[in-house]
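What follows is the content of my_file13.csv (CSV, C-alpha atoms).
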chain,number,residue,atom,x,y,z
V,1,MET,CA,78.2,-7.6,62.2
V,2,GLY,CA,78.1,-10.9,64.0
V,3,ALA,CA,75.3,-13.4,64.8
V,4,ASP,CA,74.8,-11.9,68.3
V,5,ALA,CA,74.1,-8.4,66.9
V,6,GLU,CA,71.7,-9.8,64.2
V,7,ARG,CA,69.3,-11.1,66.8
V,8,TYR,CA,68.0,-7.6,67.5
V,9,PHE,CA,66.8,-7.0,63.9
V,10,ILE,CA,63.1,-7.7,63.5
V,11,GLU,CA,63.4,-8.7,59.8
V,12,ARG,CA,65.0,-12.0,61.1
V,13,MET,CA,62.1,-12.6,63.6
V,14,MET,CA,58.6,-14.0,63.5
V,15,TRP,CA,55.8,-11.5,64.1
V,16,ASP,CA,54.6,-13.0,67.4
V,17,GLU,CA,58.1,-12.6,68.8
V,18,VAL,CA,58.1,-9.0,67.9
V,19,ALA,CA,54.6,-8.6,69.5
V,20,ARG,CA,55.8,-10.3,72.7
V,21,ARG,CA,58.9,-8.1,72.9
V,22,LEU,CA,56.9,-4.9,72.4
V,23,HIS,CA,54.3,-6.0,75.0
V,24,GLY,CA,57.2,-6.5,77.4
V,25,GLY,CA,58.4,-2.9,76.9
V,26,ALA,CA,61.3,-3.4,74.6
V,27,PRO,CA,62.4,-0.1,73.0
V,28,VAL,CA,62.7,0.2,69.3
V,29,ILE,CA,65.5,1.7,67.1
V,30,LEU,CA,64.6,2.9,63.6
V,31,PRO,CA,67.9,3.5,61.7
V,32,VAL,CA,67.9,6.2,58.9
V,33,GLY,CA,70.9,5.7,56.6
V,34,ALA,CA,71.2,5.9,52.8
V,35,ALA,CA,72.0,2.8,50.8
V,36,ALA,CA,72.1,4.7,47.5
V,37,LYS,CA,74.2,7.9,48.1
V,38,GLN,CA,77.6,8.6,46.6
V,39,HIS,CA,80.5,8.7,49.1
V,40,GLY,CA,83.4,9.6,46.8
V,41,LEU,CA,85.5,7.2,44.8
V,42,HIS,CA,86.7,5.3,47.9
V,43,LEU,CA,83.6,4.5,49.9
V,44,PRO,CA,80.5,2.4,48.9
V,45,LEU,CA,77.0,3.9,48.3
V,46,ASN,CA,75.7,2.3,51.4
V,47,THR,CA,78.2,3.9,53.8
V,48,ASP,CA,75.4,5.6,55.8
V,49,ARG,CA,73.4,2.4,56.1
V,50,ILE,CA,76.5,0.5,57.4
V,51,GLN,CA,77.1,3.2,60.1
V,52,ALA,CA,73.4,3.3,61.0
V,53,GLU,CA,73.1,-0.5,61.4
V,54,TRP,CA,76.4,-0.9,63.3
V,55,LEU,CA,75.4,1.8,65.8
V,56,ALA,CA,71.9,0.5,66.1
V,57,ALA,CA,73.2,-3.0,66.9
V,58,ARG,CA,75.5,-1.7,69.6
V,59,LEU,CA,72.8,0.4,71.2
V,60,ALA,CA,70.4,-2.5,71.0
V,61,GLY,CA,72.8,-4.6,72.9
V,62,GLN,CA,72.9,-2.1,75.7
V,63,VAL,CA,69.1,-1.9,76.2
V,64,ASP,CA,67.8,-5.1,74.5
V,65,ALA,CA,66.0,-3.1,71.8
V,66,LEU,CA,64.3,-4.2,68.6
V,67,ILE,CA,65.8,-2.8,65.4
V,68,TRP,CA,63.4,-2.0,62.6
V,69,PRO,CA,64.5,-2.2,58.9
V,70,THR,CA,66.6,0.8,57.9
V,71,VAL,CA,65.0,3.7,56.1
V,72,ALA,CA,67.5,3.4,53.2
V,73,TYR,CA,66.1,6.1,50.9
V,74,GLY,CA,65.9,9.7,52.1
V,75,TYR,CA,66.3,13.4,51.2
V,76,TYR,CA,69.8,13.8,49.8
V,77,PRO,CA,69.6,16.6,47.2
V,78,ALA,CA,73.3,17.5,47.3
V,79,PHE,CA,74.4,14.3,45.5
V,80,VAL,CA,71.9,13.7,42.7
V,81,GLU,CA,74.4,14.5,39.9
V,82,TYR,CA,76.4,11.4,40.9
V,83,ALA,CA,75.4,8.1,39.4
V,84,GLY,CA,73.6,5.8,41.9
V,85,SER,CA,72.6,8.5,44.2
V,86,SER,CA,68.9,8.5,44.9
V,87,SER,CA,67.0,11.3,46.7
V,88,LEU,CA,63.3,11.5,47.6
V,89,SER,CA,61.7,14.9,47.9
V,90,ALA,CA,61.7,16.4,51.4
V,91,SER,CA,57.9,15.9,51.6
V,92,THR,CA,58.0,12.3,50.5
V,93,PHE,CA,60.8,11.5,52.9
V,94,GLU,CA,59.0,13.3,55.8
V,95,ALA,CA,55.8,11.3,55.0
V,96,THR,CA,57.7,8.0,54.9
V,97,VAL,CA,59.3,8.5,58.3
V,98,TYR,CA,56.0,9.7,59.7
V,99,GLU,CA,54.1,6.7,58.5
V,100,ILE,CA,56.8,4.1,59.6
V,101,ALA,CA,57.3,5.7,63.0
V,102,GLY,CA,53.5,6.0,63.5
V,103,GLU,CA,53.0,2.3,62.7
V,104,ILE,CA,55.7,1.3,65.2
V,105,ILE,CA,54.0,3.3,67.9
V,106,ARG,CA,50.6,1.9,67.0
V,107,ALA,CA,52.1,-1.6,67.2
V,108,GLY,CA,52.6,-1.0,70.9
V,109,CYS,CA,56.1,0.6,71.1
V,110,ARG,CA,56.5,2.7,74.2
V,111,THR,CA,60.0,4.1,73.4
V,112,LEU,CA,61.2,4.8,69.8
V,113,PHE,CA,64.7,6.1,68.9
V,114,VAL,CA,65.1,7.3,65.4
V,115,LEU,CA,68.8,7.0,64.7
V,116,ASN,CA,69.7,9.4,61.9
V,117,THR,CA,73.1,9.3,60.1
V,118,GLY,CA,72.3,12.2,57.7
V,119,ILE,CA,72.5,16.0,57.6
V,120,SER,CA,69.9,17.0,55.1
V,121,THR,CA,67.6,14.4,56.7
V,122,LEU,CA,67.6,16.1,60.1
V,123,ALA,CA,64.9,18.7,59.4
V,124,PRO,CA,62.4,16.4,57.6
V,125,VAL,CA,62.8,13.8,60.4
V,126,GLU,CA,62.1,16.5,63.0
V,127,ARG,CA,59.0,17.6,61.2
V,128,ALA,CA,57.8,14.0,60.9
V,129,LEU,CA,58.3,13.1,64.6
V,130,ALA,CA,56.7,16.4,65.7
V,131,ARG,CA,53.4,15.1,64.3
V,132,LEU,CA,53.4,12.0,66.5
V,133,ASP,CA,53.3,11.4,70.3
V,134,THR,CA,56.6,13.0,71.2
V,135,SER,CA,56.5,11.5,74.7
V,136,LYS,CA,57.4,8.2,73.0
V,137,LEU,CA,60.0,9.4,70.6
V,138,MET,CA,63.6,10.6,70.5
V,139,HIS,CA,65.6,11.7,67.4
V,140,LEU,CA,69.2,10.6,67.7
V,141,ARG,CA,71.6,12.7,65.7
V,142,ILE,CA,74.9,10.9,65.5
V,143,HIS,CA,77.3,13.8,64.9
V,144,GLU,CA,75.9,16.2,67.6
V,145,GLY,CA,77.1,14.6,70.9
V,146,PRO,CA,79.7,16.5,72.9
V,147,ARG,CA,82.3,13.7,73.0
V,148,TYR,CA,82.1,13.3,69.2
V,149,ARG,CA,82.4,17.0,68.6
V,150,ARG,CA,85.4,17.3,70.9
V,151,ALA,CA,87.1,14.4,69.3
V,152,ALA,CA,86.4,15.6,65.7
V,153,GLU,CA,87.8,19.1,66.6
V,154,ARG,CA,90.9,17.6,68.1
V,155,LEU,CA,91.6,15.1,65.3
V,156,ALA,CA,90.6,16.9,62.1
V,157,GLU,CA,93.4,18.2,59.9
V,158,GLN,CA,91.3,19.1,56.9
V,159,HIS,CA,90.3,22.7,56.3
V,160,HIS,CA,86.7,21.9,55.4
V,161,GLY,CA,84.5,18.9,55.0
V,162,SER,CA,81.3,17.1,55.8
V,163,HIS,CA,80.9,14.2,53.3
V,164,ALA,CA,83.2,11.3,52.5
V,165,ASP,CA,85.8,13.4,54.1
V,166,GLU,CA,88.6,12.8,56.7
V,167,LEU,CA,86.2,12.1,59.5
V,168,GLU,CA,83.7,9.9,57.7
V,169,THR,CA,86.4,7.9,56.0
V,170,SER,CA,88.2,7.4,59.3
V,171,LEU,CA,84.9,6.1,60.8
V,172,MET,CA,84.6,3.6,57.9
V,173,LEU,CA,88.3,2.5,58.3
V,174,ALA,CA,87.4,1.6,61.9
V,175,LEU,CA,84.0,0.0,61.0
V,176,ALA,CA,84.6,-1.8,57.7
V,177,PRO,CA,88.1,-1.3,56.4
V,178,GLU,CA,87.6,-4.0,53.8
V,179,LEU,CA,85.1,-1.7,52.0
V,180,VAL,CA,87.4,1.4,51.9
V,181,ASP,CA,89.8,1.9,48.9
V,182,MET,CA,92.2,4.5,50.2
V,183,SER,CA,94.1,4.3,46.9
V,184,ARG,CA,91.1,6.1,45.3
V,185,ALA,CA,90.6,8.7,48.0
V,186,GLU,CA,90.6,12.2,46.6
V,187,ALA,CA,90.2,15.6,48.3
V,188,SER,CA,87.7,18.1,47.0
V,189,PRO,CA,89.2,21.4,45.8
V,190,ALA,CA,90.3,24.0,48.4
V,191,LEU,CA,87.7,26.6,49.2
V,192,LYS,CA,87.9,30.3,49.8
V,193,HIS,CA,84.4,30.1,51.4
V,194,GLU,CA,81.7,27.5,51.6
V,195,VAL,CA,78.6,28.0,49.4
V,196,PRO,CA,75.4,26.1,50.0
V,197,GLY,CA,74.2,23.9,47.2
V,198,ARG,CA,74.6,20.7,45.3
V,199,LEU,CA,78.0,19.1,44.7
V,200,THR,CA,78.8,18.7,41.0
V,201,PRO,CA,81.3,16.4,39.3
V,202,SER,CA,80.9,18.2,35.9
V,203,ASP,CA,81.3,22.0,36.4
V,204,PRO,CA,84.9,22.9,37.5
V,205,ARG,CA,83.8,26.6,37.7
V,206,SER,CA,81.4,25.8,40.5
V,207,SER,CA,82.5,26.5,44.1
V,208,ASN,CA,80.8,23.1,44.8
V,209,TYR,CA,82.9,21.2,42.3
V,210,SER,CA,84.1,17.8,43.4
V,211,ARG,CA,85.3,15.3,40.7
V,212,SER,CA,85.3,12.5,43.2
V,213,GLY,CA,82.1,13.4,45.2
V,214,SER,CA,84.1,13.9,48.5
V,215,TYR,CA,83.6,17.2,50.4
V,216,GLY,CA,86.8,17.5,52.4
V,217,ASP,CA,90.0,15.5,52.4
V,218,PRO,CA,89.7,11.8,52.9
V,219,THR,CA,93.4,11.2,52.2
V,220,LEU,CA,94.0,12.4,55.8
V,221,ALA,CA,91.8,9.6,57.3
V,222,THR,CA,93.3,6.9,59.5
V,223,ARG,CA,91.8,3.9,61.3
V,224,ALA,CA,93.2,5.2,64.6
V,225,LYS,CA,91.2,8.4,64.2
V,226,GLY,CA,88.2,6.4,63.3
V,227,GLU,CA,88.4,4.3,66.4
V,228,VAL,CA,88.5,7.4,68.6
V,229,LEU,CA,85.6,9.0,66.8
V,230,LEU,CA,83.5,5.9,66.8
V,231,ARG,CA,84.0,5.4,70.5
V,232,ALA,CA,83.1,9.0,71.2
V,233,MET,CA,80.0,8.7,69.0
V,234,LEU,CA,78.8,5.5,70.6
V,235,ASP,CA,79.4,6.8,74.1
V,236,ASP,CA,77.3,9.9,73.3
V,237,LEU,CA,74.5,7.9,71.9
V,238,THR,CA,74.6,5.3,74.7
V,239,GLN,CA,74.4,8.0,77.4
V,240,ILE,CA,71.4,9.6,75.7
V,241,VAL,CA,69.5,6.3,75.2
V,242,LEU,CA,70.2,5.0,78.7
V,243,GLY,CA,69.2,8.4,80.2
V,244,SER,CA,66.0,8.5,78.2
V,245,ILE,CA,65.0,5.0,79.2
V,246,ALA,CA,65.8,5.7,82.9
V,247,GLU,CA,63.7,8.9,82.8
V,248,ARG,CA,60.8,7.2,81.2
V,249,SER,CA,60.9,4.4,83.8
V,250,VAL,CA,60.3,6.8,86.7
V,251,PRO,CA,56.7,6.4,87.9
V,252,SER,CA,54.5,9.4,87.2
V,253,GLY,CA,54.4,11.8,90.2
V,254,SER,CA,57.5,10.3,91.8
V,255,ILE,CA,60.6,12.4,92.5
V,256,PRO,CA,63.9,10.9,91.4
V,257,SER,CA,66.7,10.9,93.8
V,258,VAL,CA,69.5,13.4,93.3
V,259,VAL,CA,72.9,11.9,92.5
V,260,ARG,CA,75.7,13.8,94.2
Using the file provided, produce a representation of the structure as structure tokens.
Amino acid sequence: MGADAERYFIERMMWDEVARRLHGGAPVILPVGAAAKQHGLHLPLNTDRIQAEWLAARLAGQVDALIWPTVAYGYYPAFVEYAGSSSLSASTFEATVYEIAGEIIRAGCRTLFVLNTGISTLAPVERALARLDTSKLMHLRIHEGPRYRRAAERLAEQHHGSHADELETSLMLALAPELVDMSRAEASPALKHEVPGRLTPSDPRSSNYSRSGSYGDPTLATRAKGEVLLRAMLDDLTQIVLGSIAERSVPSGSIPSVVR
């Protein structure tokens, strides 16, 4: 990640420096990304955490933010049949995010961005943050920005996918190619139609069968695709974060000028 990026992570700071930075109005980023969640035979279990911390560091560099330790356990019920995958209950995960975010705000944080790399984690995080002071919070969903969606639609060749697939593998080839073993990348079976539910490595009769754990076709991934997707994702997130900070800095009762 580099020494420069590491300076934003509070786990490497003393508590009085964190207090000083919060008192000075530094925004906070709380990454949410699994460290124990299967990502096929070709990606490591901490794929989500790698993405979350890389994105957090780049965003922090834009706004001089503090980065809290990553919430590395979450609600990931679709993957529990695969060794190493750990999932909290939705209620436990929601409570965890609620308590951590609440402590950050009580410590004096004026602006908190919860950076979420998951899909099944979206609803519990929303519920957790809704119980806090929402004027100080923003939930960042990494796959929902318009630039990323357009890039994904343009580049994707797979017929279905959402996990350890063509897109996610391409992102990892751009982020950490040394951790990707493309010789082991394996597509999940073709689908007639998608059926909600857990993936399974053990029941070939299931419509959610995937021997590898991938859901999609990672064999189509390339680093070039990943670089385009990563830039689009980061541009989306940067625009949201900068816009939110600018909006919060407008004095109460003032009327911002119109940009033409």
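Among the candidate residues V:Ala128, V:Ala83, V:Ala152, V:Leu66, the one lying nearest to V:Gly40 is V:Ala83, with distances computed using only C-alpha atoms.
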Here is a test: counting all atoms listed in the file, which residue of V:Ile240, V:Ala190, V:Ala26, V:Ile50 is nearest to V:Met138?
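Nearest candidate to V:Met138 out of V:Ile240, V:Ala190, V:Ala26, V:Ile50: V:Ile240.
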Using only C-alpha atoms: which of V:Ala151, V:Ala78, V:Ile67, V:Met13 has the shortest distance to V:Val228:
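Result for the nearest residue to V:Val228: V:Ala151.
In this structure, atom CA of V:Asn116 sits 5.9 Å away from atom CA of V:Leu140.
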Give me the stretch 134-199 of chain V side of the contact with stretch 97-108 of chain V, cut-off 12 Å, one line per residue showing its nearest atom pair and distance in Å at one decimal, counting all atoms listed in the file, sorted by chain and residue number, as CSV.
residue,atom,partner,partner_atom,distance
V:Thr134,CA,V:Ile105,CA,10.6
V:Ser135,CA,V:Ile105,CA,10.9
V:Lys136,CA,V:Ile105,CA,7.8
V:Leu137,CA,V:Ala101,CA,8.9
V:Met138,CA,V:Ala101,CA,11.0
V:His139,CA,V:Ala101,CA,11.1
Top pick for closest residue to V:Tyr148, considering V:Ala90, V:Asp48, V:Lys225, V:Ile29 and counting all atoms listed in the file:
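Under the stated criterion, the closest residue is V:Lys225.
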Once you've located stretch 177-218 of chain V in the structure I gave, write it as a PDB file, in the first residue's frame, keeping N, CA and C atoms.
ATOM      1  N   PRO V 177      -2.037  -7.973  -8.270  1.00  0.00           N
ATOM      2  CA  PRO V 177      -1.898  -9.103  -9.203  1.00  0.00           C
ATOM      3  C   PRO V 177      -1.097 -10.261  -8.637  1.00  0.00           C
ATOM      4  N   GLU V 178      -0.206  -9.971  -7.683  1.00  0.00           N
ATOM      5  CA  GLU V 178       0.609 -11.030  -7.100  1.00  0.00           C
ATOM      6  C   GLU V 178      -0.202 -12.001  -6.256  1.00  0.00           C
ATOM      7  N   LEU V 179      -1.439 -11.621  -5.904  1.00  0.00           N
ATOM      8  CA  LEU V 179      -2.300 -12.470  -5.083  1.00  0.00           C
ATOM      9  C   LEU V 179      -3.312 -13.265  -5.904  1.00  0.00           C
ATOM     10  N   VAL V 180      -3.333 -13.058  -7.205  1.00  0.00           N
ATOM     11  CA  VAL V 180      -4.309 -13.711  -8.082  1.00  0.00           C
ATOM     12  C   VAL V 180      -3.643 -14.873  -8.814  1.00  0.00           C
ATOM     13  N   ASP V 181      -4.256 -16.043  -8.755  1.00  0.00           N
ATOM     14  CA  ASP V 181      -3.746 -17.220  -9.463  1.00  0.00           C
ATOM     15  C   ASP V 181      -4.716 -17.563 -10.591  1.00  0.00           C
ATOM     16  N   MET V 182      -4.497 -16.949 -11.751  1.00  0.00           N
ATOM     17  CA  MET V 182      -5.419 -17.141 -12.867  1.00  0.00           C
ATOM     18  C   MET V 182      -5.406 -18.579 -13.387  1.00  0.00           C
ATOM     19  N   SER V 183      -4.363 -19.334 -13.086  1.00  0.00           N
ATOM     20  CA  SER V 183      -4.329 -20.733 -13.520  1.00  0.00           C
ATOM     21  C   SER V 183      -5.392 -21.568 -12.803  1.00  0.00           C
ATOM     22  N   ARG V 184      -5.917 -21.059 -11.680  1.00  0.00           N
ATOM     23  CA  ARG V 184      -6.933 -21.775 -10.912  1.00  0.00           C
ATOM     24  C   ARG V 184      -8.330 -21.148 -11.062  1.00  0.00           C
ATOM     25  N   ALA V 185      -8.431 -20.082 -11.846  1.00  0.00           N
ATOM     26  CA  ALA V 185      -9.737 -19.445 -12.045  1.00  0.00           C
ATOM     27  C   ALA V 185     -10.682 -20.407 -12.749  1.00  0.00           C
ATOM     28  N   GLU V 186     -11.909 -20.481 -12.242  1.00  0.00           N
ATOM     29  CA  GLU V 186     -12.871 -21.456 -12.756  1.00  0.00           C
ATOM     30  C   GLU V 186     -14.259 -20.837 -12.761  1.00  0.00           C
ATOM     31  N   ALA V 187     -14.929 -20.894 -13.905  1.00  0.00           N
ATOM     32  CA  ALA V 187     -16.271 -20.331 -14.017  1.00  0.00           C
ATOM     33  C   ALA V 187     -17.283 -21.207 -13.298  1.00  0.00           C
ATOM     34  N   SER V 188     -18.325 -20.575 -12.762  1.00  0.00           N
ATOM     35  CA  SER V 188     -19.437 -21.337 -12.217  1.00  0.00           C
ATOM     36  C   SER V 188     -20.291 -21.842 -13.375  1.00  0.00           C
ATOM     37  N   PRO V 189     -21.112 -22.863 -13.160  1.00  0.00           N
ATOM     38  CA  PRO V 189     -21.911 -23.426 -14.254  1.00  0.00           C
ATOM     39  C   PRO V 189     -22.845 -22.390 -14.877  1.00  0.00           C
ATOM     40  N   ALA V 190     -23.152 -22.597 -16.154  1.00  0.00           N
ATOM     41  CA  ALA V 190     -24.106 -21.730 -16.840  1.00  0.00           C
ATOM     42  C   ALA V 190     -25.477 -21.849 -16.181  1.00  0.00           C
ATOM     43  N   LEU V 191     -26.226 -20.745 -16.186  1.00  0.00           N
ATOM     44  CA  LEU V 191     -27.536 -20.721 -15.536  1.00  0.00           C
ATOM     45  C   LEU V 191     -28.651 -20.487 -16.544  1.00  0.00           C
ATOM     46  N   LYS V 192     -29.778 -21.166 -16.326  1.00  0.00           N
ATOM     47  CA  LYS V 192     -30.984 -20.833 -17.074  1.00  0.00           C
ATOM     48  C   LYS V 192     -31.652 -19.619 -16.450  1.00  0.00           C
ATOM     49  N   HIS V 193     -31.624 -19.574 -15.120  1.00  0.00           N
ATOM     50  CA  HIS V 193     -32.122 -18.411 -14.389  1.00  0.00           C
ATOM     51  C   HIS V 193     -31.492 -18.417 -13.003  1.00  0.00           C
ATOM     52  N   GLU V 194     -31.312 -17.216 -12.433  1.00  0.00           N
ATOM     53  CA  GLU V 194     -30.693 -17.092 -11.121  1.00  0.00           C
ATOM     54  C   GLU V 194     -31.702 -17.420 -10.028  1.00  0.00           C
ATOM     55  N   VAL V 195     -31.227 -18.124  -8.999  1.00  0.00           N
ATOM     56  CA  VAL V 195     -32.066 -18.505  -7.872  1.00  0.00           C
ATOM     57  C   VAL V 195     -31.395 -18.015  -6.594  1.00  0.00           C
ATOM     58  N   PRO V 196     -32.072 -17.164  -5.804  1.00  0.00           N
ATOM     59  CA  PRO V 196     -31.454 -16.694  -4.553  1.00  0.00           C
ATOM     60  C   PRO V 196     -31.125 -17.857  -3.632  1.00  0.00           C
ATOM     61  N   GLY V 197     -30.046 -17.712  -2.899  1.00  0.00           N
ATOM     62  CA  GLY V 197     -29.680 -18.752  -1.945  1.00  0.00           C
ATOM     63  C   GLY V 197     -28.182 -18.903  -1.815  1.00  0.00           C
ATOM     64  N   ARG V 198     -27.782 -19.817  -0.943  1.00  0.00           N
ATOM     65  CA  ARG V 198     -26.371 -20.044  -0.685  1.00  0.00           C
ATOM     66  C   ARG V 198     -25.706 -20.785  -1.840  1.00  0.00           C
ATOM     67  N   LEU V 199     -24.472 -20.420  -2.136  1.00  0.00           N
ATOM     68  CA  LEU V 199     -23.672 -21.219  -3.047  1.00  0.00           C
ATOM     69  C   LEU V 199     -23.285 -22.521  -2.351  1.00  0.00           C
ATOM     70  N   THR V 200     -23.111 -23.562  -3.137  1.00  0.00           N
ATOM     71  CA  THR V 200     -22.722 -24.843  -2.562  1.00  0.00           C
ATOM     72  C   THR V 200     -21.646 -25.500  -3.416  1.00  0.00           C
ATOM     73  N   PRO V 201     -20.597 -26.044  -2.780  1.00  0.00           N
ATOM     74  CA  PRO V 201     -19.576 -26.778  -3.532  1.00  0.00           C
ATOM     75  C   PRO V 201     -19.844 -28.280  -3.575  1.00  0.00           C
ATOM     76  N   SER V 202     -20.949 -28.704  -2.946  1.00  0.00           N
ATOM     77  CA  SER V 202     -21.138 -30.140  -2.717  1.00  0.00           C
ATOM     78  C   SER V 202     -22.374 -30.745  -3.388  1.00  0.00           C
ATOM     79  N   ASP V 203     -23.270 -29.932  -3.926  1.00  0.00           N
ATOM     80  CA  ASP V 203     -24.508 -30.463  -4.495  1.00  0.00           C
ATOM     81  C   ASP V 203     -24.635 -30.043  -5.962  1.00  0.00           C
ATOM     82  N   PRO V 204     -24.142 -30.860  -6.891  1.00  0.00           N
ATOM     83  CA  PRO V 204     -24.198 -30.514  -8.316  1.00  0.00           C
ATOM     84  C   PRO V 204     -25.613 -30.335  -8.855  1.00  0.00           C
ATOM     85  N   ARG V 205     -26.611 -30.839  -8.129  1.00  0.00           N
ATOM     86  CA  ARG V 205     -27.999 -30.692  -8.589  1.00  0.00           C
ATOM     87  C   ARG V 205     -28.559 -29.310  -8.298  1.00  0.00           C
ATOM     88  N   SER V 206     -27.906 -28.576  -7.410  1.00  0.00           N
ATOM     89  CA  SER V 206     -28.398 -27.258  -7.019  1.00  0.00           C
ATOM     90  C   SER V 206     -28.137 -26.227  -8.117  1.00  0.00           C
ATOM     91  N   SER V 207     -29.074 -25.303  -8.285  1.00  0.00           N
ATOM     92  CA  SER V 207     -28.866 -24.209  -9.246  1.00  0.00           C
ATOM     93  C   SER V 207     -27.799 -23.242  -8.759  1.00  0.00           C
ATOM     94  N   ASN V 208     -27.402 -23.373  -7.490  1.00  0.00           N
ATOM     95  CA  ASN V 208     -26.344 -22.534  -6.929  1.00  0.00           C
ATOM     96  C   ASN V 208     -25.046 -23.314  -6.719  1.00  0.00           C
ATOM     97  N   TYR V 209     -24.883 -24.382  -7.474  1.00  0.00           N
ATOM     98  CA  TYR V 209     -23.662 -25.166  -7.359  1.00  0.00           C
ATOM     99  C   TYR V 209     -22.485 -24.424  -7.977  1.00  0.00           C
ATOM    100  N   SER V 210     -21.386 -24.379  -7.245  1.00  0.00           N
ATOM    101  CA  SER V 210     -20.125 -23.845  -7.760  1.00  0.00           C
ATOM    102  C   SER V 210     -18.985 -24.565  -7.058  1.00  0.00           C
ATOM    103  N   ARG V 211     -18.330 -25.445  -7.779  1.00  0.00           N
ATOM    104  CA  ARG V 211     -17.232 -26.208  -7.188  1.00  0.00           C
ATOM    105  C   ARG V 211     -16.143 -25.285  -6.658  1.00  0.00           C
ATOM    106  N   SER V 212     -15.867 -24.221  -7.391  1.00  0.00           N
ATOM    107  CA  SER V 212     -14.771 -23.318  -7.036  1.00  0.00           C
ATOM    108  C   SER V 212     -15.175 -22.268  -6.001  1.00  0.00           C
ATOM    109  N   GLY V 213     -16.463 -21.900  -5.992  1.00  0.00           N
ATOM    110  CA  GLY V 213     -16.922 -20.797  -5.152  1.00  0.00           C
ATOM    111  C   GLY V 213     -17.138 -19.521  -5.925  1.00  0.00           C
ATOM    112  N   SER V 214     -16.707 -19.490  -7.175  1.00  0.00           N
ATOM    113  CA  SER V 214     -16.966 -18.320  -8.017  1.00  0.00           C
ATOM    114  C   SER V 214     -18.434 -18.292  -8.426  1.00  0.00           C
ATOM    115  N   TYR V 215     -18.952 -17.099  -8.645  1.00  0.00           N
ATOM    116  CA  TYR V 215     -20.293 -16.960  -9.213  1.00  0.00           C
ATOM    117  C   TYR V 215     -20.144 -16.011 -10.395  1.00  0.00           C
ATOM    118  N   GLY V 216     -19.935 -16.609 -11.562  1.00  0.00           N
ATOM    119  CA  GLY V 216     -19.607 -15.855 -12.761  1.00  0.00           C
ATOM    120  C   GLY V 216     -18.429 -16.516 -13.445  1.00  0.00           C
ATOM    121  N   ASP V 217     -17.737 -15.765 -14.297  1.00  0.00           N
ATOM    122  CA  ASP V 217     -16.641 -16.349 -15.060  1.00  0.00           C
ATOM    123  C   ASP V 217     -15.355 -15.539 -14.916  1.00  0.00           C
ATOM    124  N   PRO V 218     -14.539 -15.865 -13.910  1.00  0.00           N
ATOM    125  CA  PRO V 218     -13.303 -15.121 -13.692  1.00  0.00           C
ATOM    126  C   PRO V 218     -12.255 -15.350 -14.772  1.00  0.00           C
TER     127      PRO V 218
END
